[in-house]
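> Structure below; questions to follow.
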Amino acid sequence: MSVQQETVHAGAGAGAAALRRQIVSTELGPVTVRIQPGTSGGDPSPGVPEVYLHGAAGSWTTFEPLLAGLPVHDKVLIDLPGWGESTAGAELEDFSIEATGRAVIEVLDALGYRQWKLVGHSMGGFLALHMAAVWPERAAGVAAISATTFGVSDAARKPLRRLSSFPAFVGMLLIMRTMAALGPAGSALIRAFGATPAMALLTSPFFAAPAAVSLQVIRGLSDDARPASFDAAARAAADYDFRQWLDIRCPVLAIRGDSDVFTPPSDLTRLAEVVPHARLVTIPRCGHFAAIEQPEHVQRLLDDLP
């Protein structure tokens, strides 16, 4: 296992300026990770780090609004295999929730972290819950932000049948599958479309107040779109066995926005049936990207996670 390291000065304020960038070899290909060092010292710092797992069509930048200030313990932001800066050499034919979880473990082991709190958004929330179930002795806590779980899994299995109940996801899935069939040209088309005003209209269902979302964020969503990776993630979700989550023992915080089109209230209700000790929170005036629309509210909830 190889680890490459460099210091980067990313542009989201004083917190992001302290990020340390590393590349770790995993079974799914090279994975890029950024670390915001904690103030408690050490390399890695003592205590339990927060590990951030982004969603499909995302990257570590999803969590930039949560990087203000200096954390006590390390914050570890991973570009999952197939997304962000972890696309080169990604083994998508081997992609599954299980394989992605193992790849994240490889990264955390290489960095010297033996226990962690997981903060996952969308597909990353799904992955965080899986990891807490499979490695219960290492998971100190999970915050699943708009985790795309039961409803999306069912829609990925039967997209046309669930078009009326999950139109945003099914529509996005069909677009991504069409673009994936075009190869690199499909990704280029999405990026080109992202530079037009129409992209704001297309992404408006993701936000409670789309007019308040900056064009930089909208363009970032198109830049992060990876059609083949999205399709692989949807297929993995469709095949997942949720009975594994009965083994989750750590504290679980499940968050959704009240306008979230990907994570309906029924998903949180079903999660509470599988993980009875989960704390369920609905954030008002918020869509699918709570870290972007309500970062202060999300940070307060994360601070309260045991």
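Here, A, B, ... name the chains of the structure tokens in the order displayed, residue numbers run from 1 inside each chain, and ligands are numbered from 1 in the same displayed order.
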Near Gly124 in chain A, within 8 Å and counting only C-alpha atoms, which residues show up once chain neighbours fewer than 4 positions away are dropped, as a list in words?

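So the residues in contact are Tyr52, Leu53, His54, Gly55, Ala56, Val119, Gly120, Ala128, Ala144 and Ala147 of chain A.
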
> Please save N, CA, C and O atoms of the selected residues as a PDB file, in the first residue's frame.


ATOM      1  N   TYR A  52     -15.427  12.217   6.521  1.00  0.00           N
ATOM      2  CA  TYR A  52     -16.518  12.743   5.704  1.00  0.00           C
ATOM      3  C   TYR A  52     -16.609  11.974   4.390  1.00  0.00           C
ATOM      4  O   TYR A  52     -15.620  11.862   3.653  1.00  0.00           O
ATOM      5  N   LEU A  53     -17.811  11.465   4.104  1.00  0.00           N
ATOM      6  CA  LEU A  53     -18.069  10.645   2.925  1.00  0.00           C
ATOM      7  C   LEU A  53     -19.158  11.319   2.090  1.00  0.00           C
ATOM      8  O   LEU A  53     -20.303  11.439   2.529  1.00  0.00           O
ATOM      9  N   HIS A  54     -18.805  11.763   0.902  1.00  0.00           N
ATOM     10  CA  HIS A  54     -19.741  12.519   0.050  1.00  0.00           C
ATOM     11  C   HIS A  54     -20.710  11.592  -0.675  1.00  0.00           C
ATOM     12  O   HIS A  54     -20.592  10.359  -0.629  1.00  0.00           O
ATOM     13  N   GLY A  55     -21.651  12.189  -1.368  1.00  0.00           N
ATOM     14  CA  GLY A  55     -22.649  11.437  -2.096  1.00  0.00           C
ATOM     15  C   GLY A  55     -22.269  11.204  -3.544  1.00  0.00           C
ATOM     16  O   GLY A  55     -21.225  11.662  -4.028  1.00  0.00           O
ATOM     17  N   ALA A  56     -23.128  10.445  -4.261  1.00  0.00           N
ATOM     18  CA  ALA A  56     -22.947  10.264  -5.695  1.00  0.00           C
ATOM     19  C   ALA A  56     -23.106  11.616  -6.381  1.00  0.00           C
ATOM     20  O   ALA A  56     -23.900  12.445  -5.956  1.00  0.00           O
ATOM     21  N   VAL A 119     -19.285  10.883   8.959  1.00  0.00           N
ATOM     22  CA  VAL A 119     -20.261  11.889   8.544  1.00  0.00           C
ATOM     23  C   VAL A 119     -20.489  11.681   7.052  1.00  0.00           C
ATOM     24  O   VAL A 119     -19.604  11.943   6.234  1.00  0.00           O
ATOM     25  N   GLY A 120     -21.649  11.163   6.702  1.00  0.00           N
ATOM     26  CA  GLY A 120     -21.905  10.852   5.306  1.00  0.00           C
ATOM     27  C   GLY A 120     -23.091  11.607   4.758  1.00  0.00           C
ATOM     28  O   GLY A 120     -24.109  11.779   5.436  1.00  0.00           O
ATOM     29  N   ALA A 128     -21.773   5.170   5.296  1.00  0.00           N
ATOM     30  CA  ALA A 128     -21.421   5.312   6.714  1.00  0.00           C
ATOM     31  C   ALA A 128     -22.181   4.308   7.573  1.00  0.00           C
ATOM     32  O   ALA A 128     -21.618   3.685   8.486  1.00  0.00           O
ATOM     33  N   ALA A 144     -25.662  10.600   9.435  1.00  0.00           N
ATOM     34  CA  ALA A 144     -26.101  10.351   8.067  1.00  0.00           C
ATOM     35  C   ALA A 144     -26.965  11.523   7.624  1.00  0.00           C
ATOM     36  O   ALA A 144     -28.082  11.705   8.112  1.00  0.00           O
ATOM     37  N   ALA A 147     -29.256  10.615   3.914  1.00  0.00           N
ATOM     38  CA  ALA A 147     -28.809   9.328   3.381  1.00  0.00           C
ATOM     39  C   ALA A 147     -29.840   8.781   2.395  1.00  0.00           C
ATOM     40  O   ALA A 147     -31.028   8.719   2.686  1.00  0.00           O
TER      41      ALA A 147
END

> Which residue, A:Gly101, A:Pro81, A:Pro159, A:Gly257, has the smallest gap to Ala209 in chain A when you use only C-alpha atoms?

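Among A:Gly101, A:Pro81, A:Pro159, A:Gly257, it is A:Gly257 that comes nearest to Ala209 in chain A.
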
> Please identify all polymer residues within 12 Å of range 108-110 of chain A, counting only C-alpha atoms, omitting same-chain residues fewer than 4 positions from it, and present them as an MDAnalysis selection string.

chainID A and resid 1:5 22:26 31:35 44 48:52 74:78 101:104 114:118 138:139

> Range 95-236 of chain A: which residues are helix (DSSP H, G or I) by DSSP, as a VMD selection string?

chain A and resid 97 to 111 123 to 134 150 to 157 167 to 181 184 to 194 198 to 206 210 to 212 215 to 224 227 to 236

> For the strand (DSSP E or B) assignment from backbone DSSP, which residues of range 62-304 of chain A qualify? Please present them as a PDB file with C-alpha atoms, in the first residue's frame.


ATOM      1  CA  LYS A  75     -11.337  15.997   9.828  1.00  0.00           C
ATOM      2  CA  VAL A  76     -10.732  13.489   7.039  1.00  0.00           C
ATOM      3  CA  LEU A  77     -12.379  14.245   3.680  1.00  0.00           C
ATOM      4  CA  ILE A  78     -12.286  11.438   1.135  1.00  0.00           C
ATOM      5  CA  TRP A 116     -13.638   7.161  13.789  1.00  0.00           C
ATOM      6  CA  LYS A 117     -16.902   9.059  13.570  1.00  0.00           C
ATOM      7  CA  LEU A 118     -18.455   8.919  10.119  1.00  0.00           C
ATOM      8  CA  VAL A 119     -20.261  11.889   8.544  1.00  0.00           C
ATOM      9  CA  GLY A 120     -21.905  10.852   5.306  1.00  0.00           C
ATOM     10  CA  HIS A 121     -24.065  12.760   2.844  1.00  0.00           C
ATOM     11  CA  ALA A 139     -17.288   3.157  14.545  1.00  0.00           C
ATOM     12  CA  ALA A 140     -17.655   5.683  17.372  1.00  0.00           C
ATOM     13  CA  GLY A 141     -20.651   7.389  15.775  1.00  0.00           C
ATOM     14  CA  VAL A 142     -22.493   8.074  12.516  1.00  0.00           C
ATOM     15  CA  ALA A 143     -24.119  11.233  11.195  1.00  0.00           C
ATOM     16  CA  ALA A 144     -26.101  10.351   8.067  1.00  0.00           C
ATOM     17  CA  ILE A 145     -27.115  13.546   6.268  1.00  0.00           C
ATOM     18  CA  VAL A 252     -26.543   7.336  14.976  1.00  0.00           C
ATOM     19  CA  LEU A 253     -27.804  10.768  13.940  1.00  0.00           C
ATOM     20  CA  ALA A 254     -30.025  10.741  10.846  1.00  0.00           C
ATOM     21  CA  ILE A 255     -30.716  14.148   9.288  1.00  0.00           C
ATOM     22  CA  ARG A 256     -32.940  15.195   6.394  1.00  0.00           C
ATOM     23  CA  GLY A 257     -34.180  18.517   5.085  1.00  0.00           C
ATOM     24  CA  ARG A 279     -31.776  10.072  16.646  1.00  0.00           C
ATOM     25  CA  LEU A 280     -33.895  11.492  13.818  1.00  0.00           C
ATOM     26  CA  VAL A 281     -33.781  15.197  12.906  1.00  0.00           C
ATOM     27  CA  THR A 282     -35.594  17.119  10.160  1.00  0.00           C
ATOM     28  CA  ILE A 283     -34.112  20.528   9.357  1.00  0.00           C
TER      29      ILE A 283
END

> Which residues are near Ile97 in chain A? Cut-off 8 Å, only C-alpha atoms, ignore same chain within fewer than 5 positions. Put them as JSON, numbers by chain.

{"A": [127, 130, 233, 236, 237, 240]}

> Mind checking which residues fall within 8 Å of range 162-166 of chain A, counting only C-alpha atoms, ignoring those fewer than 6 positions away in the same chain, and posting them as a list in words?

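Close residues of range 162-166 of chain A: Gly151, Val152, Asp154, Ala155, Val261 and Phe262 of chain A.
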
> Write out, as an mmCIF file, in the first residue's frame, the residues just selected, with N, CA and C atoms.


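Heads up, here's the output in part.cif:
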data_model
loop_
_atom_site.group_PDB
_atom_site.id
_atom_site.type_symbol
_atom_site.label_atom_id
_atom_site.label_comp_id
_atom_site.auth_asym_id
_atom_site.auth_seq_id
_atom_site.Cartn_x
_atom_site.Cartn_y
_atom_site.Cartn_z
ATOM 1 N N GLY A 151 -35.721 4.081 0.007
ATOM 2 C CA GLY A 151 -36.489 4.532 -1.143
ATOM 3 C C GLY A 151 -35.679 4.534 -2.417
ATOM 4 N N VAL A 152 -34.450 5.053 -2.354
ATOM 5 C CA VAL A 152 -33.593 5.090 -3.535
ATOM 6 C C VAL A 152 -33.201 3.680 -3.962
ATOM 7 N N ASP A 154 -34.958 0.981 -3.658
ATOM 8 C CA ASP A 154 -36.116 0.411 -4.350
ATOM 9 C C ASP A 154 -36.292 1.037 -5.732
ATOM 10 N N ALA A 155 -36.092 2.362 -5.827
ATOM 11 C CA ALA A 155 -36.229 3.043 -7.114
ATOM 12 C C ALA A 155 -35.144 2.614 -8.093
ATOM 13 N N VAL A 261 -35.897 15.777 -1.674
ATOM 14 C CA VAL A 261 -36.589 14.946 -2.665
ATOM 15 C C VAL A 261 -35.981 13.550 -2.772
ATOM 16 N N PHE A 262 -34.814 13.325 -2.168
ATOM 17 C CA PHE A 262 -34.160 12.020 -2.245
ATOM 18 C C PHE A 262 -34.330 11.195 -0.970
#

> Using Å and a single decimal, report how far CA of Gly186 in chain A sits from CA of Pro227 in chain A.

7.4 Å

> Suppose you want the space between CA of Arg21 in chain A and CA of Val298 in chain A; what is it in Å?

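Distance reported for this atom pair: 24.6 Å.
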